[in-house]
Amino acid sequence: MDARNTFDFLTNPERFMAFSRWAAPLLGVLSAIAAIAGLVVTFLVPEDYQQGDTVRMMFIHIPAASIAIFIYVCLGVASFLALVFRQALADLAAQACAPIGAVYTALALITGSLWGKPMWGTWWVWDARLTSVLVLLLFYLGYMALRGSLEDEQKAARAAAILALVGLINLPIVKFSVDWWNTLHQGSSTFMAKKGDGLPAIYAWPALLMGLAYLGGFGALWLVRIRALVWRRKARSLSLKLAETAR
Amino acid sequence: MKAFGVLLRRELALAWGRGGGPLLALTFYACVVVLLPMASGRAPERLAAIAPGIAWLALALAALLSLERLFERDYEDGTLDLLALGPAPLEAVAVAKCLAQWLATGAPLALAAPVAALMLGAELKVMPLLVLCALAGGLAFAFLGGLGAALALGSKRGGLLVAVIVLPLFAPPVIFGAGALDGYAAGLPWTGGLLLLLAYCVGAVALSPLAMGAACRNALD
């Protein structure tokens with residue numbers, strides 16, 4: 001089977017709607033199961049000898065941060081497909097995933113801040129990671145602002161896709177520059193000390209389960225949002241047609 | 001090449017003559033610098049610590065100021081359509097615009113930066129480096145800002161939108177420039193920051209015209 005047929009369920013709107021009709025709820029249910037299991041395990045694992053109970057924060061914080069970055073990659077790839085190959089569904093996919101990505105990024109920042117207060121004694125430090133995740137949030141917001149402020153949908157889609165690609169090139173540079181900036185200034189020693197050791201095996205399970213829950217949640221929300229955008233586009237073209245015939 | 005020269009002269013004349021040209025950007029820069037001691041207190045030691053950084057950040061903000069109209073004016077009156085039909089590709093048009101923007105506001109601002117930094121209490125020895133950083137950084141700001149202006153073409157809320165798109169892109173050059181200035185002032189290694197700033201500037205000048213050309217063509221469709 002060639003690649004064209006293999007990915008047909010993602011490029012052909014009809015087949016995509018048929019596929020996402022069962023895939024979205026399935027992912028949602030799997031995500032909920034993983035979330036429940038992950039939360040149960042989160043409260044079963046022993047306390048950390050240093051962090052005590054607050055170590056449980058980790059399992060809702062780290063997956064949010066990694067998936068926020070993953071979503072930006074999805075946004076970039078979808079924008080590329082929309083811009084270069086003129087895939088209509090890829091454009092809708094890019095539009096659909098930006099707000100989800102912004103929410104995951106905000107979630108990572110908020111849970112990180114809540115974890116930082118008991119651990120570091122402060123809600124916020126200008127640490128390299130925190131800063132680059134904050135810039136990631138700004139990239140999401142800029143994308144949404146540009147997309148929302150152009151009236152012509154086609155033009156808005158393409159301008160936003162260009163911005164998403166520029167952001168994809170720029171984000172690693174931002175990451176690098178912020179790391180460089182942080183090492184130049186006095187680093188936060190608590191953060192470095194905490195990162196010193198790898199994750200103990202007993203903590204890997206809840207982290208993995210919560211990661212799957214977040215990933216599945218993103219997948220389900222993404223599909224649902226794309227479906228809504230497809231419906232909206234259909235409704236608009238139908239109402240245009242209706243107006244034509246009425247005249 | 002001849003077309004590019006003509007374009008550059010036109011853009012320079014427009015940038016220089018439009019609403020006071022560099023004077024407006026310089027005045028804005030002065031306003032930011034005046035407000036700063038009022039906001040953060042006028043204790044000399046506190047100001048001196050942040051002087052090069054603030055002079056540098058205010059430059060980035062001033063660079064944003066006149067960007068909004070960079071493409072918008074030509075887009076509204078149809079000149080951009082004519083330019084798209086002309087012999088020079090839209091990428092070259094974009095380069096001419098950004099270059100003229102830099103010559104008309106970026107370079108004067110770079111020359112004004114040491115004055116502002118001195119008033120805030122920075123040491124005299126930082127000044128040559130500050131001018132160099134401001135010249136290179138200004139070029140990067142002009143090209144990245146041009147990218148934001150080209151993407152926002154046709155939007156009803158230009159200025160704020162351009163700022164929201166462009167300011168996150170300014171993060172690396174601001175960090176590199178401030179790193180070089182801080183390092184130099186403190187007697188630490190500083191060449192790394194300057195070289196990274198120059199590299200970023202070269203990358204922005206090389207790559208952003210492609211995106212600007214695509215954005216202009218999209219807006220003209």
# chains A, B, ... in the order shown; residues from 1 in each chain; ligands from 1
$ interface_residues --of "chain B" --to "chain A" --cutoff "8 Å" --atoms "only C-alpha atoms" --output "PyMOL selection string"
chain B and resi 151-152+154-157+161+164-165+168-169+171-172+175-176+179+211+214-215+218-219
$ atom_distance --atom1 "atom CA of Leu221 of chain A" --atom2 "atom CA of Ala96 of chain A"
8.8 Å
$ residues_around --residues "segment 3-16 of chain B" --least-positions-apart "3" --cutoff "6 Å" --atoms "only C-alpha atoms" --output "list of chain:residue names"
B:Gly21, B:Ala96, B:Lys97, B:Ala100, B:Ala104
$ atom_distance --atom1 "atom CA of Ala106 of chain A" --atom2 "atom CA of Pro63 of chain A"
12.6 Å
$ closest_residue --among "A:Ile60, A:Ala108, A:Ala213, A:Ala164" --to "Leu83 of chain A" --atoms "only C-alpha atoms"
A:Ala164
$ residues_around --residues "Leu10 of chain A" --least-positions-apart "4" --cutoff "8 Å" --atoms "only C-alpha atoms" --output "mmCIF file with N, CA and C atoms, in the first residue's frame"
data_model
loop_
_atom_site.group_PDB
_atom_site.id
_atom_site.type_symbol
_atom_site.label_atom_id
_atom_site.label_comp_id
_atom_site.auth_asym_id
_atom_site.auth_seq_id
_atom_site.Cartn_x
_atom_site.Cartn_y
_atom_site.Cartn_z
ATOM 1 N N ARG A 15 -13.204 10.539 5.032
ATOM 2 C CA ARG A 15 -12.637 9.412 5.765
ATOM 3 C C ARG A 15 -12.118 9.844 7.123
ATOM 4 N N PHE A 16 -11.631 11.106 7.195
ATOM 5 C CA PHE A 16 -11.173 11.598 8.492
ATOM 6 C C PHE A 16 -12.332 11.659 9.486
ATOM 7 N N LEU A 89 -7.052 19.850 5.638
ATOM 8 C CA LEU A 89 -7.229 19.294 6.983
ATOM 9 C C LEU A 89 -6.043 19.628 7.884
#
$ residues_around --residues "Val115 of chain B" --least-positions-apart "6" --cutoff "12 Å" --atoms "only C-alpha atoms" --output "list in words"
Leu26, Tyr29, Ala30, Val33, Ala51, Pro52, Ala55, Trp56, Pro108, Leu109, Gly121, Ala122, Glu123, Leu124, Val126, Met127, Pro128, Leu130 and Val131 of chain B
$ residues_around --residues "segment 194-199 of chain B" --least-positions-apart "2" --cutoff "9 Å" --atoms "only C-alpha atoms" --output "compact mmCIF listing (two decimals) with N, CA and C atoms, in the first residue's frame"
# COMPACT_ATOMS: atom_id res chain seq x y z
N SER A 177 19.51 30.15 23.83
CA SER A 177 19.91 31.45 24.36
C SER A 177 19.57 31.56 25.83
N LEU B 129 31.19 49.10 22.77
CA LEU B 129 30.50 47.82 22.64
C LEU B 129 28.99 48.03 22.52
N LEU B 132 28.16 49.00 19.02
CA LEU B 132 28.30 47.85 18.13
C LEU B 132 27.10 46.90 18.29
N CYS B 133 26.76 46.61 19.55
CA CYS B 133 25.61 45.73 19.80
C CYS B 133 24.33 46.36 19.25
N ALA B 136 24.26 46.00 15.38
CA ALA B 136 23.97 44.63 14.94
C ALA B 136 22.56 44.22 15.37
N GLY B 137 22.25 44.49 16.65
CA GLY B 137 20.93 44.11 17.14
C GLY B 137 19.84 44.85 16.39
N ALA B 140 18.99 43.07 13.27
CA ALA B 140 18.13 41.90 13.53
C ALA B 140 16.72 42.34 13.88
N PRO B 172 16.15 35.98 21.83
CA PRO B 172 17.57 35.64 21.73
C PRO B 172 18.50 36.85 21.53
N PRO B 173 18.22 37.77 20.57
CA PRO B 173 19.16 38.89 20.44
C PRO B 173 19.24 39.75 21.70
N VAL B 174 18.13 39.94 22.39
CA VAL B 174 18.17 40.74 23.62
C VAL B 174 19.08 40.06 24.64
N ILE B 175 18.93 38.73 24.77
CA ILE B 175 19.75 38.00 25.74
C ILE B 175 21.23 38.08 25.37
N PHE B 176 21.53 37.85 24.08
CA PHE B 176 22.94 37.84 23.66
C PHE B 176 23.58 39.21 23.86
N GLY B 177 22.87 40.26 23.44
CA GLY B 177 23.43 41.61 23.57
C GLY B 177 23.63 41.99 25.02
N GLY B 179 23.98 39.99 27.46
CA GLY B 179 25.05 39.15 28.00
C GLY B 179 26.42 39.73 27.71
N ALA B 180 26.62 40.16 26.46
CA ALA B 180 27.90 40.75 26.10
C ALA B 180 28.15 42.02 26.91
N LEU B 181 27.12 42.88 27.03
CA LEU B 181 27.29 44.16 27.74
C LEU B 181 27.57 43.93 29.23
N TRP B 190 33.12 38.32 27.31
CA TRP B 190 31.96 38.95 26.69
C TRP B 190 31.90 38.68 25.20
N THR B 191 33.00 38.18 24.59
CA THR B 191 33.00 38.01 23.14
C THR B 191 31.96 36.98 22.69
N GLY B 192 31.71 35.96 23.54
CA GLY B 192 30.72 34.94 23.17
C GLY B 192 29.37 35.55 22.86
N CYS B 201 21.99 37.83 14.07
CA CYS B 201 21.69 38.93 13.15
C CYS B 201 21.86 38.45 11.70
N VAL B 202 22.95 37.75 11.42
CA VAL B 202 23.20 37.24 10.06
C VAL B 202 22.09 36.27 9.67
N GLY B 203 21.73 35.37 10.61
CA GLY B 203 20.67 34.41 10.32
C GLY B 203 19.35 35.11 10.01
N ALA B 204 19.02 36.14 10.81
CA ALA B 204 17.76 36.85 10.61
C ALA B 204 17.75 37.55 9.26
$ closest_residue --among "A:Val133, A:Ala24, A:Ala35, A:Leu238" --to "Leu109 of chain A" --atoms "only C-alpha atoms"
A:Val133
$ closest_residue --among "B:Cys98, B:Ala107, B:Leu120, B:Leu139" --to "Glu68 of chain B" --atoms "only C-alpha atoms"
B:Cys98
$ residues_around --residues "Ser208 of chain B" --least-positions-apart "6" --cutoff "9 Å" --atoms "only C-alpha atoms" --output "tab-separated table (two decimals) with C-alpha atoms, in the first residue's frame"
chain	number	residue	atom	x	y	z
A	166	VAL	CA	9.37	30.76	11.99
B	91	GLU	CA	12.04	39.22	-1.16
B	95	VAL	CA	15.18	43.53	2.15
B	143	PHE	CA	14.36	42.26	9.84
B	144	LEU	CA	12.38	40.36	12.49
B	146	GLY	CA	9.62	43.51	9.11
B	147	LEU	CA	8.59	39.86	9.26
$ select_by_dssp --residues "segment 12-198 of chain A" --states "alpha helix (DSSP H)" --output "ChimeraX atom specification"
/A:13-44,57-85,88-120,128-149,153-184,189-195
